[in-house]
>>> print(open('work.txt').read())   # compact mmCIF, C-alpha atoms
# COMPACT_ATOMS: atom_id res chain seq x y z
CA MET A 1 -149.20 -9.68 -155.18
CA SER A 2 -146.10 -9.86 -153.00
CA GLN A 3 -143.50 -12.50 -153.61
CA HIS A 4 -144.27 -14.23 -150.34
CA SER A 5 -148.03 -14.55 -150.83
CA ALA A 6 -147.79 -17.67 -152.97
CA PRO A 7 -145.38 -20.53 -153.37
CA GLY A 8 -144.58 -19.62 -156.96
CA PRO A 9 -144.17 -21.73 -160.09
CA GLY A 10 -142.46 -24.74 -158.50
CA PRO A 11 -143.85 -27.46 -156.23
CA GLY A 12 -146.68 -25.28 -154.94
CA PRO A 13 -148.83 -24.25 -157.94
CA GLY A 14 -150.67 -21.75 -155.77
CA PRO A 15 -151.49 -20.91 -152.20
CA GLY A 16 -153.75 -23.27 -150.32
CA PRO A 17 -156.43 -22.27 -147.85
CA GLY A 18 -153.79 -20.84 -145.52
CA THR A 19 -153.57 -17.05 -145.34
CA GLU A 20 -150.49 -14.98 -145.99
CA ALA A 21 -150.22 -14.54 -142.22
CA GLU A 22 -150.10 -18.33 -141.83
CA ARG A 23 -147.30 -18.57 -144.38
CA LEU A 24 -145.33 -15.81 -142.70
CA ALA A 25 -145.75 -17.43 -139.29
CA ARG A 26 -144.58 -20.82 -140.52
CA ALA A 27 -141.63 -19.22 -142.34
CA ALA A 28 -140.58 -17.65 -139.04
CA LEU A 29 -141.08 -20.91 -137.17
CA THR A 30 -138.66 -22.74 -139.50
CA ARG A 31 -135.93 -20.41 -138.21
CA LEU A 32 -137.08 -20.55 -134.59
CA ILE A 33 -137.59 -24.30 -134.10
CA GLU A 34 -134.93 -26.93 -134.75
CA PRO A 35 -136.05 -29.79 -137.01
CA GLY A 36 -137.61 -32.66 -135.08
CA SER A 37 -138.47 -30.55 -132.00
CA VAL A 38 -141.54 -32.37 -130.70
CA LEU A 39 -142.44 -29.61 -128.25
CA GLY A 40 -142.19 -26.87 -130.87
CA THR A 41 -144.07 -28.69 -133.62
CA THR A 42 -146.76 -29.91 -131.23
CA ALA A 43 -147.31 -26.34 -130.06
CA VAL A 44 -147.86 -25.35 -133.69
CA ARG A 45 -150.29 -28.21 -134.22
CA VAL A 46 -152.25 -27.47 -131.04
CA TRP A 47 -152.32 -23.67 -131.07
CA GLY A 48 -151.92 -22.90 -134.77
CA ALA A 49 -148.88 -21.30 -136.35
CA ALA A 50 -149.62 -17.64 -135.61
CA ARG A 51 -150.54 -18.22 -131.97
CA ALA A 52 -147.62 -20.60 -131.43
CA LEU A 53 -145.23 -17.99 -132.83
CA GLN A 54 -146.55 -15.42 -130.35
CA ILE A 55 -146.05 -17.73 -127.38
CA LEU A 56 -142.76 -19.35 -128.38
CA THR A 57 -141.12 -15.97 -129.01
CA GLY A 58 -142.30 -14.65 -125.65
CA ALA A 59 -144.65 -12.04 -127.14
CA ASP A 60 -147.46 -13.59 -125.10
CA ILE A 61 -147.96 -16.35 -122.56
CA PRO A 62 -150.33 -19.31 -122.96
CA GLY A 63 -153.60 -19.23 -121.08
CA PRO A 64 -154.40 -22.02 -118.61
CA ASP A 65 -156.58 -23.84 -121.16
CA GLU A 66 -153.93 -23.54 -123.86
CA ARG A 67 -151.23 -24.87 -121.56
CA GLN A 68 -153.43 -27.76 -120.44
CA GLU A 69 -154.32 -28.71 -124.01
CA LEU A 70 -150.64 -28.76 -125.01
CA SER A 71 -149.74 -30.84 -121.95
CA LEU A 72 -152.47 -33.38 -122.69
CA VAL A 73 -151.41 -33.80 -126.32
CA LEU A 74 -147.74 -34.18 -125.39
CA ALA A 75 -148.59 -36.69 -122.67
CA GLY A 76 -150.54 -38.69 -125.22
CA GLU A 77 -147.46 -38.74 -127.43
CA GLY A 78 -145.29 -40.00 -124.57
CA THR A 79 -143.41 -36.74 -123.97
CA PRO A 80 -144.79 -35.17 -120.76
CA LEU A 81 -144.33 -31.41 -120.49
CA THR A 82 -142.44 -30.33 -117.37
CA GLU A 83 -141.85 -26.80 -116.10
CA ARG A 84 -138.11 -27.25 -116.57
CA THR A 85 -138.49 -28.39 -120.19
CA TRP A 86 -140.83 -25.50 -120.98
CA ALA A 87 -138.56 -22.90 -119.37
CA ARG A 88 -135.42 -24.18 -121.08
CA SER A 89 -137.16 -24.32 -124.45
CA LEU A 90 -138.47 -20.75 -124.11
CA GLU A 91 -134.96 -19.64 -123.20
CA GLY A 92 -133.57 -21.26 -126.33
CA TRP A 93 -136.23 -19.81 -128.62
CA ALA A 94 -135.68 -16.37 -127.11
CA ALA A 95 -132.07 -16.51 -128.29
CA ARG A 96 -133.29 -16.71 -131.89
CA THR A 97 -136.24 -14.36 -131.77
CA ALA A 98 -134.26 -11.28 -132.83
CA SER A 99 -133.09 -13.05 -136.01
CA LEU A 100 -136.60 -13.81 -137.31
CA ALA A 101 -137.30 -12.12 -140.66
CA PRO A 102 -139.84 -14.24 -142.55
CA GLU A 103 -140.58 -11.63 -145.22
CA ARG A 104 -136.88 -11.39 -146.04
CA ASP A 105 -136.53 -15.19 -146.16
CA LEU A 106 -139.52 -15.63 -148.46
CA GLU A 107 -138.39 -12.86 -150.79
CA SER A 108 -134.79 -14.14 -150.78
CA LEU A 109 -135.75 -17.61 -151.92
CA GLY A 110 -138.46 -16.27 -154.21
CA ARG A 111 -135.78 -14.46 -156.21
CA LEU A 112 -134.08 -17.84 -156.70
CA GLY A 113 -137.22 -19.50 -158.03
CA GLY A 114 -138.24 -21.05 -154.73
CA GLY A 115 -140.68 -20.60 -151.93
CA LEU A 116 -142.35 -22.17 -148.93
CA LEU A 117 -144.86 -25.01 -148.84
CA ILE A 118 -147.22 -25.24 -145.89
CA PRO A 119 -149.93 -27.75 -144.97
CA GLY A 120 -152.97 -27.10 -147.14
CA ASP A 121 -150.97 -26.14 -150.25
CA ALA A 122 -151.61 -28.26 -153.32
CA GLY A 123 -147.96 -29.31 -153.35
CA TRP A 124 -147.75 -30.28 -149.66
CA PRO A 125 -146.50 -33.91 -149.45
CA PRO A 126 -148.86 -36.00 -147.27
CA GLY A 127 -146.10 -38.51 -146.51
CA VAL A 128 -144.44 -36.16 -144.02
CA GLU A 129 -147.51 -36.40 -141.79
CA ASP A 130 -146.43 -39.98 -141.08
CA LEU A 131 -143.73 -38.42 -138.91
CA GLY A 132 -146.44 -37.53 -136.39
CA PRO A 133 -145.31 -35.06 -133.73
CA SER A 134 -141.97 -34.47 -135.47
CA ALA A 135 -143.51 -33.58 -138.85
CA PRO A 136 -142.11 -30.34 -140.31
CA VAL A 137 -144.05 -27.10 -139.87
CA ALA A 138 -143.22 -26.15 -143.48
CA LEU A 139 -140.90 -27.08 -146.35
CA TRP A 140 -138.74 -24.71 -148.34
CA TYR A 141 -138.25 -25.59 -152.00
CA ARG A 142 -136.13 -24.43 -154.91
CA GLY A 143 -136.66 -25.60 -158.46
CA GLY A 144 -139.18 -26.01 -161.22
CA GLY A 145 -140.32 -29.54 -160.53
CA PRO A 146 -143.15 -30.59 -158.24
CA VAL A 147 -142.63 -32.37 -154.93
CA PRO A 148 -142.65 -36.00 -156.08
CA ARG A 149 -145.44 -38.36 -155.12
CA GLN A 150 -144.39 -40.70 -152.33
CA GLU A 151 -145.66 -43.85 -154.07
CA SER A 152 -143.41 -43.18 -157.09
CA THR A 153 -140.29 -42.04 -155.22
CA LEU A 154 -137.34 -44.33 -154.50
CA ALA A 155 -134.73 -42.96 -152.11
CA VAL A 156 -131.19 -44.12 -152.90
CA VAL A 157 -128.67 -43.43 -150.13
CA GLY A 158 -125.21 -44.58 -149.15
CA SER A 159 -121.63 -43.80 -148.28
CA ARG A 160 -119.91 -40.53 -149.13
CA ASP A 161 -116.65 -42.38 -149.74
CA ALA A 162 -118.21 -44.79 -152.20
CA THR A 163 -116.17 -47.49 -153.90
CA ALA A 164 -116.09 -48.15 -157.63
CA TYR A 165 -118.39 -51.12 -156.93
CA GLY A 166 -120.89 -48.91 -155.10
CA GLN A 167 -120.82 -46.26 -157.82
CA SER A 168 -121.42 -48.85 -160.52
CA VAL A 169 -124.33 -50.50 -158.72
CA THR A 170 -125.90 -47.11 -157.95
CA ARG A 171 -125.64 -46.02 -161.56
CA THR A 172 -127.34 -49.20 -162.76
CA LEU A 173 -130.16 -49.23 -160.23
CA ALA A 174 -130.86 -45.48 -160.15
CA SER A 175 -130.85 -45.07 -163.93
CA GLY A 176 -133.10 -48.11 -164.30
CA ALA A 177 -135.57 -46.85 -161.72
CA ALA A 178 -135.57 -43.36 -163.25
CA ALA A 179 -136.19 -44.81 -166.71
CA ARG A 180 -139.30 -46.48 -165.27
CA SER A 181 -140.67 -43.02 -164.35
CA LEU A 182 -139.74 -43.20 -160.68
CA THR A 183 -138.30 -40.15 -158.95
CA VAL A 184 -134.90 -40.90 -157.44
CA MET A 185 -134.49 -39.02 -154.17
CA SER A 186 -131.26 -38.53 -152.23
CA GLY A 187 -129.36 -36.01 -150.14
CA GLY A 188 -127.03 -34.30 -152.60
CA ALA A 189 -123.88 -35.50 -150.83
CA TYR A 190 -120.68 -36.90 -152.33
CA GLY A 191 -120.48 -40.56 -153.24
CA ILE A 192 -123.64 -42.62 -153.60
CA ASP A 193 -126.00 -39.63 -153.38
CA ALA A 194 -124.29 -37.81 -156.22
CA MET A 195 -124.24 -40.86 -158.46
CA ALA A 196 -127.95 -41.47 -157.81
CA HIS A 197 -128.83 -37.90 -158.84
CA ARG A 198 -126.60 -38.00 -161.93
CA ALA A 199 -127.99 -41.33 -163.09
CA ALA A 200 -131.55 -40.10 -162.66
CA LEU A 201 -130.86 -36.89 -164.54
CA ALA A 202 -129.34 -38.88 -167.41
CA SER A 203 -132.14 -41.44 -167.72
CA GLY A 204 -135.15 -40.07 -165.86
CA THR A 205 -138.65 -39.83 -167.26
CA GLY A 206 -140.38 -39.15 -163.93
CA THR A 207 -141.94 -35.90 -162.75
CA PRO A 208 -139.49 -34.86 -161.49
CA PRO A 209 -136.64 -37.26 -162.38
CA THR A 210 -134.81 -36.53 -159.13
CA ALA A 211 -135.13 -34.58 -155.88
CA ALA A 212 -132.58 -33.67 -153.22
CA VAL A 213 -133.43 -33.10 -149.55
CA MET A 214 -130.92 -30.74 -147.97
CA ALA A 215 -129.86 -30.08 -144.37
CA GLY A 216 -129.32 -26.32 -144.72
CA GLY A 217 -130.83 -23.29 -146.39
CA LEU A 218 -131.48 -23.51 -150.13
CA ASP A 219 -129.95 -20.14 -150.98
CA ARG A 220 -126.56 -21.86 -151.08
CA TYR A 221 -125.59 -25.11 -152.75
CA TYR A 222 -124.00 -27.53 -150.28
CA PRO A 223 -121.56 -29.10 -150.62
CA ALA A 224 -119.97 -26.35 -152.69
CA GLY A 225 -118.25 -28.97 -154.85
CA HIS A 226 -121.69 -30.07 -156.05
CA GLU A 227 -122.90 -26.64 -157.14
CA ASP A 228 -123.22 -27.67 -160.80
CA LEU A 229 -124.99 -30.92 -159.91
CA LEU A 230 -127.41 -29.31 -157.48
CA ARG A 231 -128.08 -26.49 -159.92
CA GLU A 232 -129.11 -29.13 -162.48
CA VAL A 233 -131.23 -30.95 -159.90
CA SER A 234 -132.92 -27.64 -159.13
CA GLY A 235 -133.41 -26.90 -162.83
CA ARG A 236 -134.97 -30.23 -163.75
CA GLY A 237 -136.17 -31.44 -160.37
CA VAL A 238 -136.48 -29.89 -156.95
CA LEU A 239 -134.47 -29.16 -153.80
CA LEU A 240 -136.26 -29.41 -150.45
CA SER A 241 -135.34 -28.38 -146.91
CA GLU A 242 -136.86 -27.60 -143.51
CA MET A 243 -134.26 -24.89 -143.00
CA PRO A 244 -134.68 -21.23 -144.05
CA PRO A 245 -132.26 -19.36 -146.29
CA GLY A 246 -128.86 -18.82 -144.68
CA ALA A 247 -129.19 -21.72 -142.23
CA SER A 248 -126.05 -23.82 -142.00
CA PRO A 249 -126.13 -27.61 -142.25
CA THR A 250 -125.05 -29.27 -138.99
CA ARG A 251 -124.74 -32.90 -138.00
CA HIS A 252 -128.00 -32.69 -136.04
CA ARG A 253 -129.76 -31.25 -139.08
CA PHE A 254 -128.28 -33.91 -141.35
CA LEU A 255 -129.68 -36.61 -139.08
CA GLN A 256 -133.08 -34.89 -138.99
CA ARG A 257 -132.96 -34.46 -142.77
CA ASN A 258 -132.76 -38.24 -143.07
CA ARG A 259 -136.21 -38.65 -141.53
CA LEU A 260 -137.60 -36.43 -144.31
CA ILE A 261 -136.00 -38.57 -147.01
CA ALA A 262 -137.64 -41.61 -145.45
CA ALA A 263 -141.05 -39.94 -145.13
CA LEU A 264 -141.07 -38.49 -148.65
CA SER A 265 -140.20 -41.79 -150.33
CA GLY A 266 -142.12 -44.97 -151.01
CA ALA A 267 -139.06 -47.11 -150.30
CA VAL A 268 -135.38 -46.68 -149.39
CA LEU A 269 -132.46 -48.42 -151.08
CA VAL A 270 -129.09 -48.48 -149.27
CA VAL A 271 -126.19 -49.22 -151.61
CA GLU A 272 -123.13 -48.76 -149.38
CA ALA A 273 -123.02 -47.79 -145.71
CA ARG A 274 -120.32 -47.91 -143.08
CA TRP A 275 -120.90 -49.50 -139.68
CA ARG A 276 -122.20 -46.19 -138.30
CA SER A 277 -123.62 -43.96 -141.00
CA GLY A 278 -126.32 -41.56 -142.07
CA ALA A 279 -127.61 -44.14 -144.54
CA GLN A 280 -128.36 -46.48 -141.64
CA ASN A 281 -130.10 -43.61 -139.89
CA THR A 282 -132.30 -43.08 -142.96
CA ALA A 283 -133.06 -46.80 -143.13
CA GLY A 284 -134.04 -46.79 -139.45
CA HIS A 285 -136.50 -43.95 -140.01
CA ALA A 286 -137.92 -45.69 -143.07
CA LEU A 287 -138.53 -48.96 -141.23
CA GLY A 288 -140.14 -47.05 -138.38
CA LEU A 289 -142.51 -45.42 -140.87
CA GLY A 290 -143.41 -48.73 -142.48
CA ARG A 291 -141.47 -48.13 -145.70
CA GLU A 292 -139.69 -51.00 -147.41
CA VAL A 293 -135.91 -50.93 -147.13
CA GLY A 294 -133.65 -52.71 -149.59
CA VAL A 295 -129.91 -53.22 -149.10
CA VAL A 296 -127.25 -54.02 -151.66
CA PRO A 297 -124.70 -56.45 -150.17
CA GLY A 298 -121.02 -55.90 -150.80
CA PRO A 299 -117.65 -57.56 -150.24
CA VAL A 300 -117.25 -58.80 -146.68
CA THR A 301 -113.83 -57.12 -146.63
CA SER A 302 -115.20 -53.66 -147.50
CA PRO A 303 -115.78 -51.16 -144.63
CA GLN A 304 -118.20 -49.33 -146.93
CA SER A 305 -120.50 -52.36 -146.86
CA ALA A 306 -120.24 -53.18 -143.15
CA GLY A 307 -123.37 -51.16 -142.39
CA CYS A 308 -125.29 -52.86 -145.20
CA HIS A 309 -124.51 -56.28 -143.79
CA ARG A 310 -125.45 -55.05 -140.32
CA LEU A 311 -128.85 -53.90 -141.60
CA LEU A 312 -129.46 -57.26 -143.26
CA ARG A 313 -128.52 -59.09 -140.09
CA GLU A 314 -130.33 -56.92 -137.52
CA SER A 315 -133.39 -55.48 -139.27
CA PRO A 316 -136.24 -56.42 -141.62
CA ALA A 317 -134.37 -54.95 -144.60
CA VAL A 318 -134.21 -57.18 -147.69
CA VAL A 319 -131.44 -58.03 -150.12
CA VAL A 320 -131.46 -56.21 -153.46
CA THR A 321 -129.18 -57.43 -156.23
CA ASP A 322 -130.83 -56.15 -159.43
CA LEU A 323 -133.28 -53.61 -160.80
CA GLU A 324 -136.37 -55.81 -160.57
CA GLU A 325 -135.73 -56.42 -156.89
CA ALA A 326 -135.28 -52.67 -156.35
CA LEU A 327 -138.55 -51.93 -158.14
CA GLY A 328 -140.25 -54.57 -156.03
CA LEU A 329 -139.64 -52.44 -152.95
CA MET A 330 -142.10 -49.81 -154.15
CA PRO A 331 -145.71 -49.68 -152.93
CA GLY A 332 -147.68 -52.02 -155.17
CA GLY A 333 -144.44 -53.57 -156.43
CA LEU A 334 -143.12 -52.64 -159.86
CA GLY A 335 -140.77 -55.61 -160.14
CA THR A 336 -140.54 -59.23 -159.07
CA GLY A 337 -139.71 -58.20 -155.51
CA PRO A 338 -136.67 -58.86 -153.39
CA GLU A 339 -135.49 -62.33 -152.65
CA PRO A 340 -136.47 -63.75 -149.27
CA GLY A 341 -133.94 -64.81 -146.67
CA SER A 342 -132.69 -61.49 -145.42
CA GLY A 343 -132.16 -60.59 -141.76
CA ARG A 344 -135.18 -60.46 -139.46
CA GLY A 345 -133.79 -58.99 -136.29
CA PRO A 346 -135.80 -57.21 -133.61
CA GLY A 347 -135.02 -53.68 -134.80
CA VAL A 348 -132.78 -51.45 -136.86
CA PRO A 349 -129.59 -50.08 -135.32
CA SER A 350 -129.47 -46.33 -135.05
CA ALA A 351 -126.65 -44.34 -136.55
CA ALA A 352 -125.65 -43.05 -133.15
CA GLY A 353 -125.71 -46.03 -130.88
CA GLY A 354 -125.88 -49.77 -130.32
CA GLY A 355 -123.60 -52.50 -131.50
CA THR A 356 -119.85 -52.70 -131.36
CA GLU A 357 -117.79 -49.58 -131.87
CA SER A 358 -115.92 -49.51 -135.15
CA PRO A 359 -112.57 -47.87 -135.79
CA ASP A 360 -114.23 -45.10 -137.78
CA ALA A 361 -116.64 -44.09 -134.98
CA ARG A 362 -116.54 -40.32 -134.72
CA ILE A 363 -115.68 -38.37 -131.61
CA HIS A 364 -119.13 -36.80 -131.34
CA ASP A 365 -121.25 -39.91 -131.88
CA HIS A 366 -121.89 -40.20 -128.12
CA LEU A 367 -123.13 -36.64 -127.62
CA THR A 368 -126.69 -35.81 -126.58
CA VAL A 369 -128.82 -33.60 -128.84
CA GLU A 370 -128.08 -30.49 -126.74
CA GLU A 371 -124.36 -31.27 -126.65
CA LEU A 372 -124.34 -31.81 -130.40
CA LEU A 373 -126.14 -28.52 -131.06
CA VAL A 374 -123.59 -26.60 -128.98
CA TYR A 375 -120.63 -28.51 -130.41
CA GLU A 376 -121.81 -27.77 -133.98
CA ALA A 377 -122.17 -24.08 -133.08
CA LEU A 378 -118.54 -23.81 -131.94
CA PRO A 379 -116.15 -22.34 -134.54
CA LEU A 380 -112.93 -24.15 -135.34
CA ARG A 381 -110.61 -21.15 -134.96
CA SER A 382 -111.87 -17.76 -133.78
CA PRO A 383 -113.61 -17.93 -130.37
CA VAL A 384 -117.12 -16.46 -130.09
CA PRO A 385 -119.10 -15.27 -127.04
CA VAL A 386 -121.81 -17.34 -125.40
CA ASP A 387 -124.69 -15.23 -126.71
CA ARG A 388 -123.57 -16.01 -130.26
CA LEU A 389 -123.57 -19.72 -129.45
CA CYS A 390 -127.06 -19.38 -127.94
CA ALA A 391 -128.43 -17.90 -131.17
CA VAL A 392 -126.83 -20.54 -133.38
CA ALA A 393 -127.71 -23.53 -131.17
CA GLY A 394 -131.16 -22.27 -130.23
CA LEU A 395 -130.53 -22.86 -126.52
CA GLY A 396 -130.57 -20.59 -123.48
CA PRO A 397 -127.43 -19.20 -121.80
CA GLY A 398 -127.68 -21.51 -118.78
CA THR A 399 -128.00 -24.61 -120.95
CA VAL A 400 -125.19 -23.50 -123.26
CA MET A 401 -122.80 -22.75 -120.39
CA GLY A 402 -123.50 -26.07 -118.70
CA THR A 403 -123.02 -27.90 -121.97
CA LEU A 404 -119.79 -26.06 -122.74
CA LYS A 405 -118.35 -27.23 -119.43
CA LYS A 406 -119.22 -30.84 -120.31
CA LEU A 407 -117.61 -30.48 -123.73
CA GLN A 408 -114.57 -28.83 -122.16
CA ARG A 409 -114.04 -31.84 -119.89
CA GLN A 410 -113.93 -34.01 -123.01
CA SER A 411 -111.52 -31.59 -124.76
CA LEU A 412 -114.22 -30.87 -127.35
CA ALA A 413 -114.43 -27.19 -126.38
CA GLU A 414 -111.97 -24.68 -125.01
CA GLN A 415 -112.42 -21.27 -123.44
CA HIS A 416 -110.46 -18.15 -124.38
CA ALA A 417 -110.62 -14.53 -123.29
CA SER A 418 -112.89 -13.68 -126.23
CA GLY A 419 -115.15 -16.71 -125.96
CA TRP A 420 -115.31 -20.38 -126.92
CA ARG A 421 -114.18 -22.53 -129.82
CA ARG A 422 -113.76 -26.23 -130.52
CA GLY A 423 -111.18 -28.08 -128.47
CA PRO A 424 -108.04 -29.97 -129.50
CA VAL A 425 -109.81 -33.32 -129.86
CA SER A 426 -111.94 -31.79 -132.63
CA HIS A 427 -108.79 -31.09 -134.64
CA GLY A 428 -107.19 -34.47 -134.05
>>> encode(input="work.txt", output="structure tokens")
Amino acid sequence: MSQHSAPGPGPGPGPGPGTEAERLARAALTRLIEPGSVLGTTAVRVWGAARALQILTGADIPGPDERQELSLVLAGEGTPLTERTWARSLEGWAARTASLAPERDLESLGRLGGGLLIPGDAGWPPGVEDLGPSAPVALWYRGGGPVPRQESTLAVVGSRDATAYGQSVTRTLASGAAARSLTVMSGGAYGIDAMAHRAALASGTGTPPTAAVMAGGLDRYYPAGHEDLLREVSGRGVLLSEMPPGASPTRHRFLQRNRLIAALSGAVLVVEARWRSGAQNTAGHALGLGREVGVVPGPVTSPQSAGCHRLLRESPAVVVTDLEEALGLMPGGLGTGPEPGSGRGPGVPSAAGGGTESPDARIHDHLTVEELLVYEALPLRSPVPVDRLCAVAGLGPGTVMGTLKKLQRQSLAEQHASGWRRGPVSHG
């Protein structure tokens, strides 16, 4: 049996009803389609993975009935399909078609003890289906542990530049939850994420004790400074990602990764978060999916807690001050539950908009998704040609050129004889 015919010894104990062709098609689609692409994932859902791969790569065109069915489903989801959207999307996918090598990707990760989970596999997490049209087409994994059950998974997220207070609280709450057989899930980043993983590894009795959801390919440990930690998470737990081997983490992919953390968990606990942060983005996704969100308050003078206080003021998140309150967030409630009296605002602020700008707002927070994809594709130093940017961003030449001009006007991109790179504002 080839290495890519079954998920291997980790989260997928064996192939589901899907054929090897289905697995290969979905492996290719993870490289073709950006995470969260409603058009791409809906095409897979409507036409099936193999047929969608044919059409999205330009190997065939949809028949009238196929096109009508896709249009009707998208309209029902509130995203009408226009000729312009379809043409631009095909142009972007065409830029990546030459790089598709699903057999290589499956074999590459298989050598590292990983594989690919697809719908129908025994290890496929049902919680991701709550994401509806933006649910992933497949999930790459690396590690010996199973994908944790949603109802026994607590996501612990927070600031990368955590304070001593935040580290201490995270250690206490994550180790306590792990000792109660919960899986502690996070994103493998510096700060709160790292402390949550370490505490779970030290005290965990769950299966697995911890899991990390990554924004890039699982053939490399990112950040590099956490190689030892992520290697231990992989050894005793599991690493998960939508992205195929070799894919780089970008800001857009980090933000999309956050929706997976929310969907895979039974509840989300935010320990520290700045005014505009990925942790707030994760909390927003969780609330939108109906998950409980708990927030640890901090000193009113601490920028690292400004986002926590904002969540408590503007969303249905609840205050968490001890382990029992954290456990009470879980489905069915394992503790006494959080204290009442937290904020009950009309909705959660997104990480990329709303509210008053803070001094630490980043230069690219205002960019659209297309602008962000192109900006992330730009190198810092050596300019690259437009076709290279098209392949990395997954957008067509016309879209990339138009976007580059917009970024150039904001000094976020600059043109040279050999191509484009990031502009002076990016280095400021």
>>> atom_distance(input="work.txt", atom1="atom CA of A:Trp93", atom2="atom CA of A:Gly394")
5.9 Å
>>> closest_residue(input="work.txt", among="A:Ala189, A:Leu131, A:Val46, A:Val157", to="A:Ala263", atoms="only C-alpha atoms")
A:Leu131
>>> closest_residue(input="work.txt", among="A:Thr207, A:Ser168, A:Ser234, A:Thr163", to="A:Leu182", atoms="only C-alpha atoms")
A:Thr207
>>> residues_around(input="work.txt", residues="A:Leu229", least_positions_apart="6", cutoff="12 Å", atoms="only C-alpha atoms", output="PyMOL selection string")
chain A and resi 187-190+193-202+210-212+221-223+235-239
>>> residues_around(input="work.txt", residues="A:Asn281", least_positions_apart="5", cutoff="12 Å", atoms="all atoms listed in the file", output="PDB file with C-alpha atoms, in the coordinates of the input")
ATOM      1  CA  VAL A 157    -128.670 -43.430-150.130  1.00  0.00           C
ATOM      2  CA  GLY A 158    -125.210 -44.580-149.150  1.00  0.00           C
ATOM      3  CA  SER A 159    -121.630 -43.800-148.280  1.00  0.00           C
ATOM      4  CA  HIS A 252    -128.000 -32.690-136.040  1.00  0.00           C
ATOM      5  CA  PHE A 254    -128.280 -33.910-141.350  1.00  0.00           C
ATOM      6  CA  LEU A 255    -129.680 -36.610-139.080  1.00  0.00           C
ATOM      7  CA  GLN A 256    -133.080 -34.890-138.990  1.00  0.00           C
ATOM      8  CA  ARG A 257    -132.960 -34.460-142.770  1.00  0.00           C
ATOM      9  CA  ASN A 258    -132.760 -38.240-143.070  1.00  0.00           C
ATOM     10  CA  ARG A 259    -136.210 -38.650-141.530  1.00  0.00           C
ATOM     11  CA  LEU A 260    -137.600 -36.430-144.310  1.00  0.00           C
ATOM     12  CA  ILE A 261    -136.000 -38.570-147.010  1.00  0.00           C
ATOM     13  CA  ALA A 262    -137.640 -41.610-145.450  1.00  0.00           C
ATOM     14  CA  VAL A 268    -135.380 -46.680-149.390  1.00  0.00           C
ATOM     15  CA  VAL A 270    -129.090 -48.480-149.270  1.00  0.00           C
ATOM     16  CA  ALA A 273    -123.020 -47.790-145.710  1.00  0.00           C
ATOM     17  CA  ARG A 274    -120.320 -47.910-143.080  1.00  0.00           C
ATOM     18  CA  TRP A 275    -120.900 -49.500-139.680  1.00  0.00           C
ATOM     19  CA  ARG A 276    -122.200 -46.190-138.300  1.00  0.00           C
ATOM     20  CA  ALA A 286    -137.920 -45.690-143.070  1.00  0.00           C
ATOM     21  CA  LEU A 287    -138.530 -48.960-141.230  1.00  0.00           C
ATOM     22  CA  GLY A 288    -140.140 -47.050-138.380  1.00  0.00           C
ATOM     23  CA  VAL A 293    -135.910 -50.930-147.130  1.00  0.00           C
ATOM     24  CA  GLY A 307    -123.370 -51.160-142.390  1.00  0.00           C
ATOM     25  CA  CYS A 308    -125.290 -52.860-145.200  1.00  0.00           C
ATOM     26  CA  LEU A 311    -128.850 -53.900-141.600  1.00  0.00           C
ATOM     27  CA  VAL A 348    -132.780 -51.450-136.860  1.00  0.00           C
ATOM     28  CA  PRO A 349    -129.590 -50.080-135.320  1.00  0.00           C
ATOM     29  CA  SER A 350    -129.470 -46.330-135.050  1.00  0.00           C
ATOM     30  CA  ALA A 351    -126.650 -44.340-136.550  1.00  0.00           C
ATOM     31  CA  ALA A 352    -125.650 -43.050-133.150  1.00  0.00           C
ATOM     32  CA  GLY A 353    -125.710 -46.030-130.880  1.00  0.00           C
TER      33      GLY A 353
END
>>> residues_around(input="work.txt", residues="A:Arg67", least_positions_apart="3", cutoff="12 Å", atoms="all atoms listed in the file", output="compact mmCIF listing (two decimals) with C-alpha atoms, in the coordinates of the input")
# COMPACT_ATOMS: atom_id res chain seq x y z
CA THR A 42 -146.76 -29.91 -131.23
CA ALA A 43 -147.31 -26.34 -130.06
CA VAL A 46 -152.25 -27.47 -131.04
CA TRP A 47 -152.32 -23.67 -131.07
CA ALA A 52 -147.62 -20.60 -131.43
CA ILE A 55 -146.05 -17.73 -127.38
CA ILE A 61 -147.96 -16.35 -122.56
CA PRO A 62 -150.33 -19.31 -122.96
CA GLY A 63 -153.60 -19.23 -121.08
CA PRO A 64 -154.40 -22.02 -118.61
CA LEU A 70 -150.64 -28.76 -125.01
CA SER A 71 -149.74 -30.84 -121.95
CA LEU A 72 -152.47 -33.38 -122.69
CA VAL A 73 -151.41 -33.80 -126.32
CA LEU A 74 -147.74 -34.18 -125.39
CA LEU A 81 -144.33 -31.41 -120.49
CA THR A 82 -142.44 -30.33 -117.37
CA GLU A 83 -141.85 -26.80 -116.10
CA TRP A 86 -140.83 -25.50 -120.98
>>> closest_residue(input="work.txt", among="A:Glu242, A:Glu414, A:Glu232, A:Asp60", to="A:Leu29", atoms="all atoms listed in the file")
A:Glu242
>>> residues_around(input="work.txt", residues="stretch 402-410 of chain A", least_positions_apart="6", cutoff="9 Å", atoms="all atoms listed in the file", output="ChimeraX atom specification")
/A:370-371,374-375,420,422-423,425
>>> closest_residue(input="work.txt", among="A:Ala25, A:Ala177, A:Ala377, A:Ala317", to="A:Ala247", atoms="all atoms listed in the file")
A:Ala377
>>> atom_distance(input="work.txt", atom1="atom CA of A:Ala49", atom2="atom CA of A:Arg26")
6.0 Å
>>> closest_residue(input="work.txt", among="A:Ala267, A:Ala417, A:Leu112, A:Ala391", to="A:Glu91", atoms="all atoms listed in the file")
A:Ala391
>>> closest_residue(input="work.txt", among="A:Leu240, A:Val384, A:His226, A:Ser203", to="A:Trp124", atoms="all atoms listed in the file")
A:Leu240
